[in-house]
file start-v3.txt (compact mmCIF, C-alpha atoms)
# COMPACT_ATOMS: atom_id res chain seq x y z
CA MET B 1 0.00 0.00 0.00
CA PRO B 2 1.41 3.46 -0.84
CA ASN B 3 2.90 5.14 2.22
CA GLU B 4 0.53 8.10 2.00
CA TYR B 5 -2.42 5.78 2.74
CA LYS B 6 -2.29 4.75 6.37
CA ASN B 7 -6.04 4.27 6.69
CA HIS B 8 -7.85 1.67 4.61
CA ASP B 9 -11.18 3.47 4.97
CA ALA B 10 -9.68 6.71 3.65
CA LEU B 11 -8.02 5.01 0.68
CA LEU B 12 -11.14 3.19 -0.51
CA PHE B 13 -13.35 6.22 0.16
CA GLU B 14 -11.03 8.34 -1.98
CA LEU B 15 -10.92 5.79 -4.78
CA ALA B 16 -14.72 5.42 -4.84
CA ALA B 17 -15.12 9.21 -4.91
CA LYS B 18 -12.78 9.41 -7.92
CA LEU B 19 -15.06 7.01 -9.78
CA SER B 20 -18.36 8.69 -8.85
CA PRO B 21 -19.50 11.47 -6.51
CA ARG B 22 -22.29 9.18 -5.26
CA PHE B 23 -21.80 5.63 -4.05
CA GLY B 24 -23.20 3.13 -1.59
CA HIS B 25 -21.68 2.34 1.79
CA GLU B 26 -22.47 -0.80 3.77
CA ARG B 27 -20.86 -2.15 6.92
CA SER B 28 -20.74 -5.71 8.24
CA PHE B 29 -19.42 -7.74 11.13
CA ALA B 30 -18.12 -11.29 11.08
CA VAL B 31 -18.78 -13.73 13.92
CA ARG B 32 -16.17 -16.44 14.26
CA PRO B 33 -14.90 -18.66 17.09
CA GLY B 34 -13.88 -16.35 19.93
CA GLY B 35 -14.42 -13.04 18.20
CA VAL B 36 -16.54 -10.43 16.42
CA TYR B 37 -14.78 -8.52 13.64
CA ALA B 38 -16.50 -5.24 12.78
CA ASN B 39 -13.90 -3.37 10.70
CA ARG B 40 -15.49 -4.45 7.43
CA PHE B 41 -17.24 -2.42 4.74
CA LEU B 42 -18.22 -2.18 1.08
CA LEU B 43 -18.38 0.88 -1.19
CA SER B 44 -20.58 0.34 -4.27
CA VAL B 45 -20.52 2.23 -7.57
CA GLY B 46 -22.80 1.70 -10.57
CA LEU B 47 -20.76 1.61 -13.77
CA ALA B 48 -23.35 3.88 -15.39
CA GLU B 49 -22.39 6.53 -12.80
CA ILE B 50 -18.70 6.59 -13.83
CA PRO B 51 -17.93 9.35 -16.37
CA GLY B 52 -15.42 8.86 -19.15
CA ASP B 53 -13.60 5.58 -19.79
CA MET B 54 -15.07 3.55 -16.92
CA HIS B 55 -12.98 0.45 -17.61
CA GLU B 56 -9.71 2.40 -17.61
CA LYS B 57 -10.66 4.11 -14.35
CA ILE B 58 -11.55 0.81 -12.69
CA LEU B 59 -8.22 -0.70 -13.72
CA GLU B 60 -6.48 2.35 -12.23
CA VAL B 61 -8.30 1.62 -8.95
CA CYS B 62 -7.12 -1.98 -9.11
CA GLY B 63 -3.54 -0.73 -9.45
CA GLN B 64 -3.85 1.71 -6.56
CA MET B 65 -5.16 -1.11 -4.36
CA ARG B 66 -2.18 -3.27 -5.43
CA MET B 67 -4.38 -6.01 -6.88
CA PRO B 68 -2.27 -9.00 -7.99
CA PRO B 69 -1.62 -9.00 -11.79
CA THR B 70 -3.31 -12.38 -12.29
CA GLN B 71 -6.51 -10.97 -10.80
CA VAL B 72 -6.27 -7.79 -12.91
CA GLU B 73 -6.38 -9.99 -16.02
CA LEU B 74 -9.53 -11.70 -14.72
CA VAL B 75 -11.10 -8.29 -13.98
CA LYS B 76 -10.48 -7.26 -17.60
CA ARG B 77 -12.27 -10.40 -18.76
CA HIS B 78 -15.37 -9.75 -16.62
CA LEU B 79 -15.68 -5.97 -16.93
CA PRO B 80 -17.75 -6.00 -20.18
CA THR B 81 -20.58 -7.80 -18.36
CA THR B 82 -20.31 -5.84 -15.08
CA ARG B 83 -22.96 -3.37 -13.87
CA PHE B 84 -21.78 -2.60 -10.33
CA LEU B 85 -18.34 -2.34 -8.75
CA HIS B 86 -17.92 -2.97 -5.01
CA LEU B 87 -14.71 -2.01 -3.20
CA GLY B 88 -14.28 -3.83 0.09
CA PHE B 89 -12.05 -4.18 3.11
CA GLU B 90 -12.05 -6.48 6.10
CA GLU B 91 -9.79 -6.72 9.09
CA GLY B 92 -9.95 -10.14 10.69
CA PHE B 93 -7.95 -12.51 12.81
CA ARG B 94 -5.81 -13.46 9.80
CA GLY B 95 -4.94 -9.93 8.64
CA SER B 96 -6.28 -7.18 6.40
CA ILE B 97 -7.98 -8.14 3.15
CA TYR B 98 -8.84 -5.96 0.16
CA LYS B 99 -11.75 -6.95 -2.06
CA ILE B 100 -13.15 -5.96 -5.42
CA TYR B 101 -16.49 -7.44 -6.48
CA LEU B 102 -17.76 -7.24 -10.04
CA GLU B 103 -21.55 -7.57 -9.98
CA GLN B 104 -22.63 -9.08 -13.28
CA ASN B 105 -25.61 -8.31 -15.50
CA THR B 106 -28.36 -10.85 -14.83
CA PRO B 107 -31.39 -11.61 -17.00
CA ALA B 108 -34.65 -9.82 -16.20
CA VAL B 109 -36.46 -13.15 -16.51
CA PRO B 110 -33.95 -15.77 -15.35
CA PRO B 111 -34.32 -19.36 -16.54
CA ALA B 112 -36.02 -21.56 -13.96
CA GLY B 113 -33.85 -23.93 -11.95
CA LYS B 114 -30.54 -22.55 -13.18
CA ALA B 115 -27.85 -20.86 -11.06
CA ILE B 116 -26.57 -17.56 -12.47
CA LEU B 117 -23.21 -15.96 -11.73
CA GLN B 118 -23.94 -12.66 -9.94
CA HIS B 119 -20.61 -11.63 -8.38
CA CYS B 120 -16.95 -12.33 -9.03
CA GLY B 121 -15.09 -11.49 -5.84
CA PHE B 122 -11.35 -10.79 -6.02
CA LYS B 123 -9.67 -10.83 -2.60
CA TRP B 124 -6.06 -10.41 -1.55
CA ASP B 125 -3.92 -9.60 1.48
CA ALA B 126 -3.42 -5.83 1.70
CA ALA B 127 0.11 -6.29 3.08
CA ASN B 128 1.08 -9.33 1.01
CA PRO B 129 -0.72 -9.42 -2.38
CA ASP B 130 0.85 -12.82 -3.13
CA TRP B 131 -2.08 -14.25 -1.12
CA GLN B 132 -5.20 -14.09 -3.27
CA VAL B 133 -8.48 -15.90 -3.87
CA LEU B 134 -11.34 -15.73 -6.38
CA THR B 135 -14.84 -16.09 -4.92
CA ARG B 136 -17.88 -16.81 -7.07
CA TYR B 137 -21.42 -15.94 -5.97
CA ALA B 138 -24.17 -17.83 -7.78
CA TRP B 139 -27.79 -16.60 -7.66
CA TYR B 140 -30.55 -19.21 -7.40
CA PRO B 141 -33.63 -17.26 -8.53
CA ALA B 142 -37.21 -17.69 -7.35
CA LEU B 143 -36.58 -20.17 -4.54
CA SER B 144 -39.36 -20.69 -2.03
CA LEU B 145 -38.62 -20.34 1.68
CA ALA B 146 -38.78 -24.13 1.99
CA GLU B 147 -36.23 -24.54 -0.83
CA ILE B 148 -33.96 -21.98 0.82
CA ARG B 149 -34.14 -23.89 4.11
CA GLN B 150 -33.19 -27.08 2.30
CA ARG B 151 -30.15 -25.49 0.67
CA ILE B 152 -29.06 -23.96 3.99
CA ASP B 153 -29.25 -27.42 5.55
CA GLU B 154 -26.78 -28.60 2.88
CA VAL B 155 -24.43 -25.64 3.33
CA CYS B 156 -24.44 -25.48 7.15
CA VAL B 157 -23.19 -28.91 8.08
CA ARG B 158 -22.97 -28.41 11.86
CA GLU B 159 -26.27 -28.76 13.70
CA ALA B 160 -26.06 -25.77 16.07
CA HIS B 161 -24.87 -23.48 13.28
CA ARG B 162 -27.64 -24.72 10.98
CA GLY B 163 -30.29 -24.17 13.64
CA ILE B 164 -29.39 -20.51 14.13
CA ALA B 165 -29.34 -19.90 10.38
CA ARG B 166 -32.69 -21.57 9.74
CA GLU B 167 -34.50 -19.85 12.59
CA LEU B 168 -33.20 -16.40 11.65
CA VAL B 169 -34.20 -17.03 8.02
CA ASP B 170 -37.68 -18.10 9.16
CA PHE B 171 -38.00 -14.98 11.34
CA ALA B 172 -36.85 -12.49 8.70
CA GLY B 173 -37.89 -14.32 5.55
CA GLY B 174 -41.60 -14.09 6.27
CA ARG B 175 -41.30 -10.29 6.15
CA VAL B 176 -39.80 -10.20 2.64
CA ALA B 177 -42.53 -9.96 0.02
CA GLU B 178 -40.35 -10.79 -3.00
CA ASP B 179 -37.34 -12.90 -3.97
CA MET B 180 -34.77 -12.82 -1.14
CA ARG B 181 -31.89 -13.23 -3.61
CA TYR B 182 -30.45 -16.47 -2.34
CA LEU B 183 -26.78 -16.78 -3.33
CA GLU B 184 -24.31 -19.62 -2.83
CA VAL B 185 -20.61 -18.94 -2.55
CA ALA B 186 -17.62 -21.09 -3.48
CA GLU B 187 -13.87 -20.78 -3.99
CA ALA B 188 -11.65 -23.07 -6.02
CA GLY B 189 -9.03 -24.97 -4.08
CA ASN B 190 -10.50 -24.70 -0.58
CA SER B 191 -13.49 -25.74 1.53
CA ARG B 192 -15.43 -22.44 1.28
CA ARG B 193 -19.14 -23.00 0.80
CA SER B 194 -21.67 -20.54 2.12
CA PHE B 195 -24.96 -18.78 1.48
CA ASP B 196 -25.98 -15.12 1.32
CA LEU B 197 -29.52 -13.77 1.74
CA ASN B 198 -30.77 -10.19 1.31
CA PHE B 199 -33.20 -9.09 4.05
CA TYR B 200 -33.28 -5.32 3.57
CA ASP B 201 -36.91 -5.48 2.41
CA ALA B 202 -37.87 -7.07 5.74
CA GLY B 203 -37.63 -3.65 7.43
CA LEU B 204 -35.75 -5.01 10.45
CA ARG B 205 -33.05 -3.39 12.55
CA ILE B 206 -30.04 -5.07 14.10
CA ALA B 207 -31.80 -4.71 17.48
CA ASP B 208 -34.71 -6.80 16.14
CA ILE B 209 -32.46 -9.82 15.58
CA GLU B 210 -30.72 -9.57 18.97
CA PRO B 211 -31.94 -13.02 20.18
CA PHE B 212 -30.30 -14.69 17.18
CA LEU B 213 -27.10 -12.68 17.60
CA VAL B 214 -26.93 -13.72 21.26
CA ARG B 215 -27.13 -17.34 20.11
CA MET B 216 -24.35 -16.75 17.58
CA TRP B 217 -22.07 -15.25 20.20
CA ALA B 218 -22.79 -18.12 22.58
CA HIS B 219 -22.17 -20.67 19.80
CA TYR B 220 -18.75 -19.14 19.11
CA ARG B 221 -17.99 -18.46 22.81
CA VAL B 222 -17.52 -14.74 22.23
CA GLU B 223 -17.13 -12.79 25.45
CA SER B 224 -19.64 -9.99 26.11
CA GLY B 225 -16.83 -7.44 26.21
CA LYS B 226 -16.18 -8.18 22.53
CA TRP B 227 -19.71 -8.30 21.15
CA GLN B 228 -21.53 -5.71 23.26
CA PRO B 229 -19.75 -2.62 21.86
CA VAL B 230 -20.44 -3.83 18.31
CA PHE B 231 -24.10 -4.44 19.03
CA GLU B 232 -24.59 -1.07 20.73
CA ALA B 233 -22.85 0.77 17.90
CA PHE B 234 -25.05 -0.74 15.19
CA ARG B 235 -28.30 -1.68 16.96
CA ASP B 236 -30.34 0.95 15.07
CA ASP B 237 -28.95 0.08 11.62
CA ALA B 238 -31.10 -1.72 9.10
CA PHE B 239 -30.47 -5.48 9.01
CA GLY B 240 -29.32 -6.18 5.46
CA HIS B 241 -27.70 -9.48 4.55
CA LEU B 242 -26.98 -12.69 6.38
CA SER B 243 -24.25 -14.99 5.14
CA GLY B 244 -22.97 -18.14 6.71
CA GLY B 245 -21.55 -21.57 6.08
CA ILE B 246 -18.06 -23.06 5.95
CA HIS B 247 -15.13 -20.68 5.55
CA ARG B 248 -12.03 -21.44 3.52
CA ASP B 249 -10.24 -22.52 6.72
CA GLY B 250 -12.91 -25.16 7.44
CA GLU B 251 -14.57 -23.27 10.34
CA ASP B 252 -18.23 -22.31 10.25
CA PHE B 253 -19.07 -18.59 10.38
CA PHE B 254 -21.72 -15.89 10.11
CA ASN B 255 -21.44 -12.43 8.52
CA VAL B 256 -24.10 -9.78 9.16
CA TYR B 257 -24.38 -6.83 6.75
CA HIS B 258 -26.19 -3.70 7.84
CA GLY B 259 -26.86 0.01 7.50
CA ARG B 260 -26.61 0.49 3.74
CA THR B 261 -26.54 4.21 2.89
CA THR B 262 -25.69 6.50 -0.02
CA VAL B 263 -22.65 8.75 0.27
CA ASN B 264 -22.33 12.09 -1.53
CA ALA B 265 -18.56 12.55 -1.73
CA ARG B 266 -18.90 16.26 -2.45
CA ARG B 267 -20.79 16.85 0.78
CA ASP B 268 -20.17 14.02 3.25
CA LYS B 269 -17.07 13.59 5.37
CA PRO B 270 -14.83 10.54 4.85
CA ILE B 271 -16.00 7.42 6.62
CA SER B 272 -14.43 6.92 10.04
call {"tool": "encode", "arguments": {"input": "start-v3.txt", "output": "structure tokens"}}
result
Amino acid sequence: MPNEYKNHDALLFELAAKLSPRFGHERSFAVRPGGVYANRFLLSVGLAEIPGDMHEKILEVCGQMRMPPTQVELVKRHLPTTRFLHLGFEEGFRGSIYKIYLEQNTPAVPPAGKAILQHCGFKWDAANPDWQVLTRYAWYPALSLAEIRQRIDEVCVREAHRGIARELVDFAGGRVAEDMRYLEVAEAGNSRRSFDLNFYDAGLRIADIEPFLVRMWAHYRVESGKWQPVFEAFRDDAFGHLSGGIHRDGEDFFNVYHGRTTVNARRDKPIS
């Protein structure tokens, strides 16, 4: 990372603002054995919002984030079918990870029973770009709640983990009038397999899912001193996405996305 960028938030905020004066901002926290990791966020830009040569500007962003050259070549391949760009960062127990997601065009009327590639996720170690991984997110359109439960049962192989996932999906899913956008996630060469569900339309806050979060923290033996500050900081945010399953290291996990907002870079202060 260039020496002038000491703060990951500031770097990604600046890069997103160079692409477009308006972009989305969404935070998340990961729940893993022994810890809650809340220094995670996404900044989202629609390609239609980028003036000039959008592809050239995106490749410049890749360079400024020190994306590995092999991943840059894959980005070039997928850019012609991309409609949204998501810049991401997460700080976890294994280090600091940069992410670029290319959200693909999907058909207005998807074929029944067929999985459709929605995101290509490029991830690498911010301090050591030699570590990298490509994550693929496949959308399974028009699944019923019962079909979603069945797929979660296949993804979440441990009983306690599966129970929390299913009960939270039952609680929030009944409040979503339309397709919840069920995605499944995989990475070549490791054990990663997980799901992602969009619950923004449910109109819930993080405080509304507190009983399920308490069960997550108990499942992972997270001390209250670690989870309570995170919960209090974000309790009034909208509950957005739930993801969970088996991580690339073989451990089960949950990620909770929340508080999606729109940033006006000409008016708003950098994210802190």
call {"tool": "closest_residue", "arguments": {"input": "start-v3.txt", "among": "B:Arg94, B:Arg192, B:His241, B:His219", "to": "Arg162 of chain B", "atoms": "all atoms listed in the file"}}
result
B:His219
call {"tool": "closest_residue", "arguments": {"input": "start-v3.txt", "among": "B:Ala115, B:Val36, B:Ala16, B:Ala30", "to": "Gln228 of chain B", "atoms": "only C-alpha atoms"}}
result
B:Val36
call {"tool": "atom_distance", "arguments": {"input": "start-v3.txt", "atom1": "atom CA of Ala265 of chain B", "atom2": "atom CA of Asp236 of chain B"}}
result
23.6 Å
call {"tool": "residues_around", "arguments": {"input": "start-v3.txt", "residues": "Ile152 of chain B", "least_positions_apart": "6", "cutoff": "9 Å", "atoms": "all atoms listed in the file", "output": "PyMOL selection string"}}
result
chain B and resi 162+165-166+194-195+244-245
call {"tool": "residues_near_point", "arguments": {"input": "start-v3.txt", "point": "(-9.8, -1.0, -1.6)", "cutoff": "10 Å", "atoms": "all atoms listed in the file", "output": "MDAnalysis selection string"}}
result
chainID B and resid 1 8:16 41:43 61:62 64:67 86:90 97:100 123 126
call {"tool": "residues_around", "arguments": {"input": "start-v3.txt", "residues": "Arg136 of chain B", "least_positions_apart": "5", "cutoff": "12 Å", "atoms": "only C-alpha atoms", "output": "PyMOL selection string"}}
result
chain B and resi 100-104+115-123+183-188+192-196
call {"tool": "write_last_selection", "arguments": {"input": "start-v3.txt", "atoms": "C-alpha atoms", "output": "mmCIF file, keeping the file's coordinate frame"}}
result
data_model
loop_
_atom_site.group_PDB
_atom_site.id
_atom_site.type_symbol
_atom_site.label_atom_id
_atom_site.label_comp_id
_atom_site.auth_asym_id
_atom_site.auth_seq_id
_atom_site.Cartn_x
_atom_site.Cartn_y
_atom_site.Cartn_z
ATOM 1 C CA ILE B 100 -13.150 -5.960 -5.420
ATOM 2 C CA TYR B 101 -16.490 -7.440 -6.480
ATOM 3 C CA LEU B 102 -17.760 -7.240 -10.040
ATOM 4 C CA GLU B 103 -21.550 -7.570 -9.980
ATOM 5 C CA GLN B 104 -22.630 -9.080 -13.280
ATOM 6 C CA ALA B 115 -27.850 -20.860 -11.060
ATOM 7 C CA ILE B 116 -26.570 -17.560 -12.470
ATOM 8 C CA LEU B 117 -23.210 -15.960 -11.730
ATOM 9 C CA GLN B 118 -23.940 -12.660 -9.940
ATOM 10 C CA HIS B 119 -20.610 -11.630 -8.380
ATOM 11 C CA CYS B 120 -16.950 -12.330 -9.030
ATOM 12 C CA GLY B 121 -15.090 -11.490 -5.840
ATOM 13 C CA PHE B 122 -11.350 -10.790 -6.020
ATOM 14 C CA LYS B 123 -9.670 -10.830 -2.600
ATOM 15 C CA LEU B 183 -26.780 -16.780 -3.330
ATOM 16 C CA GLU B 184 -24.310 -19.620 -2.830
ATOM 17 C CA VAL B 185 -20.610 -18.940 -2.550
ATOM 18 C CA ALA B 186 -17.620 -21.090 -3.480
ATOM 19 C CA GLU B 187 -13.870 -20.780 -3.990
ATOM 20 C CA ALA B 188 -11.650 -23.070 -6.020
ATOM 21 C CA ARG B 192 -15.430 -22.440 1.280
ATOM 22 C CA ARG B 193 -19.140 -23.000 0.800
ATOM 23 C CA SER B 194 -21.670 -20.540 2.120
ATOM 24 C CA PHE B 195 -24.960 -18.780 1.480
ATOM 25 C CA ASP B 196 -25.980 -15.120 1.320
#
call {"tool": "residues_around", "arguments": {"input": "start-v3.txt", "residues": "Asp237 of chain B", "least_positions_apart": "6", "cutoff": "12 Å", "atoms": "only C-alpha atoms", "output": "CSV table (one decimal) with C-alpha atoms, in the coordinates of the input"}}
result
chain,number,residue,atom,x,y,z
B,26,GLU,CA,-22.5,-0.8,3.8
B,27,ARG,CA,-20.9,-2.2,6.9
B,28,SER,CA,-20.7,-5.7,8.2
B,200,TYR,CA,-33.3,-5.3,3.6
B,203,GLY,CA,-37.6,-3.6,7.4
B,204,LEU,CA,-35.8,-5.0,10.4
B,205,ARG,CA,-33.0,-3.4,12.6
B,206,ILE,CA,-30.0,-5.1,14.1
B,207,ALA,CA,-31.8,-4.7,17.5
B,208,ASP,CA,-34.7,-6.8,16.1
B,209,ILE,CA,-32.5,-9.8,15.6
B,230,VAL,CA,-20.4,-3.8,18.3
B,231,PHE,CA,-24.1,-4.4,19.0
B,256,VAL,CA,-24.1,-9.8,9.2
B,257,TYR,CA,-24.4,-6.8,6.8
B,258,HIS,CA,-26.2,-3.7,7.8
B,259,GLY,CA,-26.9,0.0,7.5
B,260,ARG,CA,-26.6,0.5,3.7
B,261,THR,CA,-26.5,4.2,2.9
call {"tool": "closest_residue", "arguments": {"input": "start-v3.txt", "among": "B:Glu73, B:Asn190, B:Arg22, B:His78", "to": "Val133 of chain B", "atoms": "all atoms listed in the file"}}
result
B:Asn190
call {"tool": "closest_residue", "arguments": {"input": "start-v3.txt", "among": "B:Ala17, B:Ala38, B:Val31, B:Val75", "to": "Met216 of chain B", "atoms": "only C-alpha atoms"}}
result
B:Val31
call {"tool": "closest_residue", "arguments": {"input": "start-v3.txt", "among": "B:Gly189, B:Leu168, B:Thr81, B:Glu147", "to": "Pro107 of chain B", "atoms": "all atoms listed in the file"}}
result
B:Thr81
